[in-house]
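Enquirer: One structure, as structure tokens, below. Some questions next.
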Amino acid sequence: MTALAREPDRQADIELAKMRRRDLRRVLAIEGTVYPRPWSRSLFLSELAQRHTRTYLVARHEGQVVGYAGMMFTRSEAHVTNIAVAPELHGVSIGTRLLLALVVEAIARSCDTISLEVRVSNGVAQSLYEKFGFSVEGVRKGYYVETNEDAFIMVADNALSTEYRLRLQSIRSELRKAFPRDTSVE
Ligand SMILES: CC(C)(COP(=O)(O)OP(=O)(O)OC[C@H]1O[C@@H](n2cnc3c(N)ncnc32)[C@H](O)[C@@H]1OP(=O)(O)O)[C@@H](O)C(=O)NCCC(=O)NCCS
């Protein structure tokens, strides 16, 4: 066996599935790598227990969890609670696929407004959200207490509109072009 760690196959298929308790070891490992104040196991468990108002997905690559995302639903609104991808697989559209799947579920639940908070300094995540039609609608001062950083509140309005469906369609087409064999693109 070689001493070198194997490079991940960045073109290989990604599978999306509902997050299960057994995914949490790997989810927490990613969480601890990408956030200064990671969610705890008990917080994930409490989210997973709220089956009617939460959806949590994992993305798997070669059977291993490499990303996850979650959403909270109220009657007509959805809120992205978390989205993260293992750093070695950033930039290969896993975040896009996870967010697409969540947004599709929000629409299926008749949510016309989708919101989230994002660090003011997190330009990469903001670009992802802008691609999905989110724009900055406010600021929460000092929202991230560990760094005293502000959060932008980003919102996608009119998620039930034809215009928004067309936006999602174009995101899907781009994904299909880039990953023709990938069954995770709905
Ligand atoms: C934000 C995050 C989930 C994005 O996941 P990802 O799988 O790397 O994102 P994708 O490859 O799908 O790229 C989505 C968009 O982000 C932007 N983006 C991705 N990598 C980028 C980079 N290096 N520089 C600038 N923009 C970038 C692009 O707009 C891209 O869309 P495009 O490829 O159509 O141009 C990932 O960076 C991450 O896990 N970050 C740490 C956790 C985090 O910050 N979560 C968000 C909390 S609000």
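Ordering of the structure tokens sets the chain letters (A, B, ...); residue numbers start at 1 within each chain; ligands are numbered from 1 in the order shown.
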Determine which residues of chain A DSSP labels as helix (DSSP H, G or I) from the backbone of this structure, then write them out as a VMD selection string.
Expert: chain A and resid 21 to 34 41 to 49 87 to 89 94 to 108 123 to 131 162 to 178
Enquirer: Wanna dump the stretch 11-126 of chain A-stretch 144-162 of chain A contacts at 6 Å for me, each residue with its shortest atom pair and the distance in Å to one decimal, counting only C-alpha atoms, ordered by chain and number, as a tab-separated table?
Expert:
residue	atom	partner	partner_atom	distance
A:Asp112	CA	A:Ala159	CA	4.6
A:Thr113	CA	A:Asp157	CA	4.7
A:Ile114	CA	A:Ala156	CA	5.1
A:Ser115	CA	A:Val155	CA	4.3
A:Leu116	CA	A:Met154	CA	5.5
A:Glu117	CA	A:Ile153	CA	4.7
A:Val118	CA	A:Ala151	CA	5.2
A:Arg119	CA	A:Ala151	CA	4.6
A:Val120	CA	A:Ala151	CA	5.4
Enquirer: Find the residues near stretch 73-83 of chain A: any atom within 8 Å, counting only C-alpha atoms, skip ones fewer than 2 places away on the same chain, and give them as an NGL selection string.
Expert: :A and (53-54 or 67-71 or 85 or 95 or 98-99 or 106 or 109-117)
Enquirer: Would you mind reading off the distance between atom CA of A:Leu100 and atom CA of A:Arg181, one decimal, in Å?
Expert: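 Pair atom CA of A:Leu100 / atom CA of A:Arg181 returns 17.2 Å.
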Enquirer: So how many Å separate atom 20 (N, counted along the ligand's line) of ligand 1 and atom CA of A:Leu166, to one decimal?
Expert: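 These two atoms are separated by 22.7 Å.
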Enquirer: Write out as an NGL selection string each polymer residue (protein, DNA or RNA) that has an atom no more than 7 Å from ligand 1, with only C-alpha atoms and all ligand atoms counted.
Expert: :A and (34-35 or 82-87 or 89-97 or 117-119 or 122-125 or 127-128 or 131)
Enquirer: Would you mind writing down, as a VMD selection string, each residue of chain A that DSSP on the backbone assigns to strand (DSSP E or B)?
Expert: chain A and resid 14 to 18 54 to 61 64 to 73 77 to 85 113 to 119 135 to 144 149 to 156
Enquirer: Emit the selected residues as a CSV table (one decimal), in the first residue's frame, including C-alpha atoms.
Expert:
chain,number,residue,atom,x,y,z
A,14,ILE,CA,-22.4,11.9,-6.0
A,15,GLU,CA,-25.4,10.4,-4.3
A,16,LEU,CA,-27.8,12.4,-2.1
A,17,ALA,CA,-29.7,10.8,0.7
A,18,LYS,CA,-31.5,11.7,3.9
A,54,ARG,CA,-36.7,19.7,9.0
A,55,THR,CA,-34.9,18.0,6.1
A,56,TYR,CA,-31.3,17.1,6.3
A,57,LEU,CA,-29.4,15.5,3.4
A,58,VAL,CA,-26.0,14.1,3.0
A,59,ALA,CA,-23.9,13.8,-0.2
A,60,ARG,CA,-21.9,10.6,-0.6
A,61,HIS,CA,-18.9,10.1,-2.8
A,64,GLN,CA,-18.5,8.3,2.1
A,65,VAL,CA,-20.3,11.3,3.4
A,66,VAL,CA,-18.6,14.4,1.8
A,67,GLY,CA,-21.2,17.0,2.4
A,68,TYR,CA,-24.5,17.8,4.0
A,69,ALA,CA,-27.2,20.5,4.2
A,70,GLY,CA,-30.3,21.1,6.2
A,71,MET,CA,-33.5,23.1,6.0
A,72,MET,CA,-36.2,24.2,8.4
A,73,PHE,CA,-39.8,24.7,7.3
A,77,GLU,CA,-41.2,29.8,4.5
A,78,ALA,CA,-38.0,27.7,4.5
A,79,HIS,CA,-34.7,28.5,6.1
A,80,VAL,CA,-31.3,26.9,5.3
A,81,THR,CA,-29.9,25.9,8.6
A,82,ASN,CA,-26.5,24.4,7.5
A,83,ILE,CA,-24.6,23.5,4.4
A,84,ALA,CA,-21.0,22.2,4.2
A,85,VAL,CA,-18.8,20.2,2.0
A,113,THR,CA,-39.7,32.5,0.6
A,114,ILE,CA,-36.3,30.9,1.5
A,115,SER,CA,-33.9,32.6,3.8
A,116,LEU,CA,-30.5,32.0,5.5
A,117,GLU,CA,-27.7,33.7,7.4
A,118,VAL,CA,-24.2,33.8,6.1
A,119,ARG,CA,-21.0,35.4,7.4
A,135,SER,CA,-30.0,38.5,-2.2
A,136,VAL,CA,-29.0,40.4,0.9
A,137,GLU,CA,-32.0,41.8,2.7
A,138,GLY,CA,-30.5,42.7,6.1
A,139,VAL,CA,-27.6,42.3,8.6
A,140,ARG,CA,-27.6,40.6,12.0
A,141,LYS,CA,-24.9,42.5,14.0
A,142,GLY,CA,-22.5,40.2,15.8
A,143,TYR,CA,-24.5,37.1,14.9
A,144,TYR,CA,-21.4,34.9,15.0
A,149,GLU,CA,-18.9,38.8,12.9
A,150,ASP,CA,-22.0,40.1,11.3
A,151,ALA,CA,-24.3,37.9,9.3
A,152,PHE,CA,-26.0,38.9,6.1
A,153,ILE,CA,-29.6,37.7,5.9
A,154,MET,CA,-30.1,36.5,2.4
A,155,VAL,CA,-33.5,35.7,0.9
A,156,ALA,CA,-34.9,34.2,-2.2
Enquirer: What lies within 12 Å of A:Leu45 using only C-alpha atoms, ignoring chain neighbours under 2 positions off, as a PyMOL selection string?
Expert: chain A and resi 19-25+27-28+39-43+47-51+54+56
Enquirer: Rounded to one decimal place, report the atom CA of A:Phe132-atom CA of A:Glu174 distance in Å.
Expert: 12.9 Å
